[in-house]
Each structure stands twice: as C-alpha cells, then as structure tokens.
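Step one of this worksheet: look at the structure below.
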Amino acid sequence: MADDVNPAQAQALADLKLKCLEWLADIAGGYEVDKVADAFFRLGSTRINLFFRPFGDEQTIVSVFVYLLWKVPKTPELMEYVAFNSANHYFGSIQLSPDGDDDEKVTVLFDHSLLGDYIDYEEFKEAALGVGAVADRLDTELQQRFGGETHYEDWS
C-alpha cells in the first residue's frame with residue numbers, strides 16, 4: 001500500500017479486501033495469494049488476479065486483472081486487433097505492455113476496475129466471473145492467432 005494513504009482510506013482498503021476475499025472464497029471455491037496479486041483464482045487456462053488499491057484521496061478500487069499472453073510477437077496485425085477490439089467486451093479491455101527487454105515481444109493484458117466503496121456481492125461476482133470467462137476464451141483465441149504463452153495449459 002502506498003505511504004500516502006490516509007488512515008481512513010487504509011481502513012477502507014482493509015475492509016474491502018476482507019469482504020471481497022470472503023466473497024471470492026464462495027464464488028471461486030477458494031483463492032491463493034502471492035507476491036504478484038492480492039489474491040488470484042484459476043479459470044481454465046487463465047489466472048485472474050485481484051488488486052485492492054486506493055483511488056484519489058478517499059476512495060478504493062478493485063482491479064480484476066489478467067495476463068492473457070506473454071512473449072507475443074509484436075506485429076502490425078496484433079496492434080490492429082487490439083486497437084479495434086480493445087473495448088468490445090462488457091467486462092474489461094485489452095491492453096499491450098512491453099515484455100521485458102525484448103522489443104519484438106509484448107504482453108497482452110485484460111483489465112476491469114470497480115469502485116470499491118459501494119461494491120456488493122453480485123457486482124463483484126459478475127465482474128470476477130465475467131472477466132474470467134472472457135479472458136479464458138480470449139487467451140486461447142489470441143494464442144492461436146498471434147502466438148505467445150498462456151499462464152496455464154488449457155484444461156478444457
């Protein structure tokens with residue numbers, strides 16, 4: 001957590017995380033925690049990461065974040081696909097990020113954020129499972145079309 005988070009916002013973040021992790025245990029049948037994410041769960045070939053962050057001076061954000069693929073060749077076709085298809089999903093949008101020091105490769109990301117201050121169980125559930133379902137489909141489709149690696153081998 002950032003050093004500039006005020007005590008009230010720090011408490012709001014702790015409360016949000018506790019609430020969402022209880023919900024996640026119910027929704028996903030459990031979750032794991034590591035150095036990368038505040039929590040994560042698996043759906044098919046996809047690892048769905050959750051982050052709980054401050055927003056502004058008083059609010060909180062829940063980010064549902066997926067690394068769809070990494071080590072993807074950076075091609076004009078991939079750039080065009082992301083440019084024209086990024087916002088075509090109810091939950092989340094596609095983004096590109098550099099893949100380490102290799103200028104010829106990119107990481108494909110999928111992200112959706114929710115305001116944490118008034119979040120309820122159904123909103124959280126639909127966002128987490130919605131992002132997971134879309135990402136699980138997208139990582140397979142995009143890997144077949146553009147290459148790269150997924151987080152897990154597809155079990156389906």
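Identifiers in this document derive from the order of the structure tokens: chains are assigned A, B, ..., residues are numbered from 1 separately in each chain, and ligands are numbered from 1 in order of occurrence.
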
Selection: 9 Å around Phe41 of chain A, only C-alpha atoms, excl. self and same-chain fewer than 3 positions, as an mmCIF file with N, CA and C atoms, in the first residue's frame:
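Resulting contents of part-v8.cif:
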```
data_model
loop_
_atom_site.group_PDB
_atom_site.id
_atom_site.type_symbol
_atom_site.label_atom_id
_atom_site.label_comp_id
_atom_site.auth_asym_id
_atom_site.auth_seq_id
_atom_site.Cartn_x
_atom_site.Cartn_y
_atom_site.Cartn_z
ATOM 1 N N LEU A 24 -14.891 -14.084 -2.675
ATOM 2 C CA LEU A 24 -14.138 -14.871 -3.646
ATOM 3 C C LEU A 24 -14.055 -16.333 -3.237
ATOM 4 N N ALA A 28 -15.409 -18.618 -6.175
ATOM 5 C CA ALA A 28 -14.419 -19.405 -6.922
ATOM 6 C C ALA A 28 -14.032 -20.694 -6.209
ATOM 7 N N GLY A 29 -14.612 -20.928 -5.044
ATOM 8 C CA GLY A 29 -14.251 -22.134 -4.297
ATOM 9 C C GLY A 29 -12.898 -22.029 -3.635
ATOM 10 N N GLY A 30 -12.397 -20.822 -3.504
ATOM 11 C CA GLY A 30 -11.099 -20.594 -2.880
ATOM 12 C C GLY A 30 -10.272 -19.642 -3.718
ATOM 13 N N TYR A 31 -9.127 -19.293 -3.198
ATOM 14 C CA TYR A 31 -8.211 -18.391 -3.883
ATOM 15 C C TYR A 31 -6.826 -18.594 -3.305
ATOM 16 N N GLU A 32 -5.837 -18.010 -3.964
ATOM 17 C CA GLU A 32 -4.461 -18.046 -3.480
ATOM 18 C C GLU A 32 -3.935 -16.620 -3.411
ATOM 19 N N VAL A 33 -2.838 -16.444 -2.691
ATOM 20 C CA VAL A 33 -2.188 -15.146 -2.541
ATOM 21 C C VAL A 33 -0.708 -15.347 -2.834
ATOM 22 N N THR A 46 -6.588 -19.590 -17.458
ATOM 23 C CA THR A 46 -6.429 -18.199 -17.050
ATOM 24 C C THR A 46 -6.263 -18.054 -15.549
ATOM 25 N N ARG A 47 -5.351 -17.209 -15.170
ATOM 26 C CA ARG A 47 -5.176 -16.802 -13.777
ATOM 27 C C ARG A 47 -5.787 -15.408 -13.650
ATOM 28 N N ILE A 48 -6.813 -15.267 -12.812
ATOM 29 C CA ILE A 48 -7.489 -13.991 -12.602
ATOM 30 C C ILE A 48 -6.938 -13.386 -11.322
ATOM 31 N N ASN A 49 -6.278 -12.238 -11.457
ATOM 32 C CA ASN A 49 -5.650 -11.542 -10.338
ATOM 33 C C ASN A 49 -6.570 -10.451 -9.810
ATOM 34 N N LEU A 50 -6.566 -10.269 -8.513
ATOM 35 C CA LEU A 50 -7.321 -9.194 -7.885
ATOM 36 C C LEU A 50 -6.359 -8.287 -7.132
#
```

Taking a cut-off of 9 Å and counting only C-alpha atoms, can you build a table that, for each residue of segment 132-151 of chain A near segment 78-92 of chain A, reports the nearest atom pair and how far apart they are in Å (one decimal), sorted by chain then residue number, as CSV?
```
residue,atom,partner,partner_atom,distance
A:Val134,CA,A:Phe91,CA,7.8
A:Ala135,CA,A:Gly92,CA,8.9
A:Leu142,CA,A:Leu78,CA,9.0
A:Arg145,CA,A:Leu78,CA,8.9
A:Phe146,CA,A:Leu78,CA,6.8
```

Put those residues in a file: N, CA and C atoms, as an mmCIF file, in the first residue's frame.
```cif
data_model
loop_
_atom_site.group_PDB
_atom_site.id
_atom_site.type_symbol
_atom_site.label_atom_id
_atom_site.label_comp_id
_atom_site.auth_asym_id
_atom_site.auth_seq_id
_atom_site.Cartn_x
_atom_site.Cartn_y
_atom_site.Cartn_z
ATOM 1 N N VAL A 134 -14.346 -14.274 -20.125
ATOM 2 C CA VAL A 134 -13.874 -13.615 -21.348
ATOM 3 C C VAL A 134 -12.385 -13.868 -21.531
ATOM 4 N N ALA A 135 -11.612 -13.728 -20.465
ATOM 5 C CA ALA A 135 -10.163 -13.917 -20.556
ATOM 6 C C ALA A 135 -9.809 -15.355 -20.910
ATOM 7 N N LEU A 142 -6.476 -15.760 -28.926
ATOM 8 C CA LEU A 142 -5.356 -14.894 -29.295
ATOM 9 C C LEU A 142 -4.052 -15.689 -29.426
ATOM 10 N N ARG A 145 -4.058 -17.295 -32.765
ATOM 11 C CA ARG A 145 -3.934 -16.315 -33.853
ATOM 12 C C ARG A 145 -2.580 -15.612 -33.878
ATOM 13 N N PHE A 146 -2.027 -15.286 -32.659
ATOM 14 C CA PHE A 146 -0.831 -14.445 -32.616
ATOM 15 C C PHE A 146 0.377 -15.089 -31.939
#
```

task: Identify, with DSSP run on backbone atoms, the residues in segment 13-146 of chain A assigned to strand (DSSP E or B), and express the list as a PyMOL selection string.
output: chain A and resi 32+39-43+46-55+59-73+93-99+102-115

- request: Tell me which protein, DNA and RNA residues are within 12 Å of segment 54-58 of chain A, counting only C-alpha atoms, leaving out same-chain ones fewer than 4 positions away, and put them as a list in words.
  value: Met1, Ala2, Asp3, Asp4, Val5, Asn6, Pro7, Ala8, Gln9, Ala10, Gln11, Ala12, Leu13, Ala14, Leu16, Lys17, Val62, Ser63, Ser113, Leu114, Leu115, Gly116 and Asp117 of chain A

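As for atom CA of Leu43 of chain A and atom CA of Glu77 of chain A, they are spaced 27.4 Å apart.
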
message: I want to know what sits within 7 Å of segment 98-101 of chain A, based on only C-alpha atoms, with residues of the same chain fewer than 4 positions away left out; could you give that as a ChimeraX atom specification?
response: /A:70-71,105-107

Store the residues of this selection in a file with N, CA, C and O atoms, as a PDB file, in the first residue's frame.
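Result written to selection04.pdb:
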```pdb
ATOM      1  N   TRP A  70       1.947 -13.751 -22.832  1.00  0.00           N
ATOM      2  CA  TRP A  70       3.195 -13.034 -22.864  1.00  0.00           C
ATOM      3  C   TRP A  70       4.085 -13.682 -23.902  1.00  0.00           C
ATOM      4  O   TRP A  70       3.770 -14.745 -24.433  1.00  0.00           O
ATOM      5  N   LYS A  71       5.172 -12.965 -24.237  1.00  0.00           N
ATOM      6  CA  LYS A  71       6.097 -13.386 -25.301  1.00  0.00           C
ATOM      7  C   LYS A  71       5.377 -13.491 -26.637  1.00  0.00           C
ATOM      8  O   LYS A  71       5.627 -14.387 -27.434  1.00  0.00           O
ATOM      9  N   LYS A 105       8.657  -8.393 -28.603  1.00  0.00           N
ATOM     10  CA  LYS A 105       7.588  -9.148 -27.937  1.00  0.00           C
ATOM     11  C   LYS A 105       6.784  -8.218 -27.033  1.00  0.00           C
ATOM     12  O   LYS A 105       7.292  -7.211 -26.534  1.00  0.00           O
ATOM     13  N   VAL A 106       5.513  -8.584 -26.818  1.00  0.00           N
ATOM     14  CA  VAL A 106       4.634  -7.836 -25.916  1.00  0.00           C
ATOM     15  C   VAL A 106       3.872  -8.811 -25.021  1.00  0.00           C
ATOM     16  O   VAL A 106       3.787 -10.003 -25.305  1.00  0.00           O
ATOM     17  N   THR A 107       3.321  -8.273 -23.945  1.00  0.00           N
ATOM     18  CA  THR A 107       2.405  -8.994 -23.074  1.00  0.00           C
ATOM     19  C   THR A 107       1.017  -8.450 -23.351  1.00  0.00           C
ATOM     20  O   THR A 107       0.829  -7.232 -23.464  1.00  0.00           O
TER      21      THR A 107
END
```

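If you look at atom CA of Pro73 of chain A and atom CA of Glu104 of chain A, they are 5.9 Å away from each other.
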
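Closest approach to Asp139 of chain A among A:Leu69, A:Cys20, A:Ala25, A:Ala39 is made by A:Leu69 (distances from only C-alpha atoms).
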
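Closest approach to Ser97 of chain A among A:Ile119, A:Ala133, A:Leu68, A:Val36: A:Leu68, based on only C-alpha atoms.
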
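When only C-alpha atoms are used to measure the gap to Lys35 of chain A, the shortest distance among A:Trp23, A:Tyr152, A:Phe51, A:Asp15 belongs to A:Phe51.
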
task: Would you mind writing down, as a PyMOL selection string, each residue of chain A that DSSP on the backbone assigns to alpha helix (DSSP H)?
output: chain A and resi 7-28+76-85+121-146

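Across the model, the gap from atom CA of Lys74 of chain A to atom CA of Arg42 of chain A is 26.7 Å.
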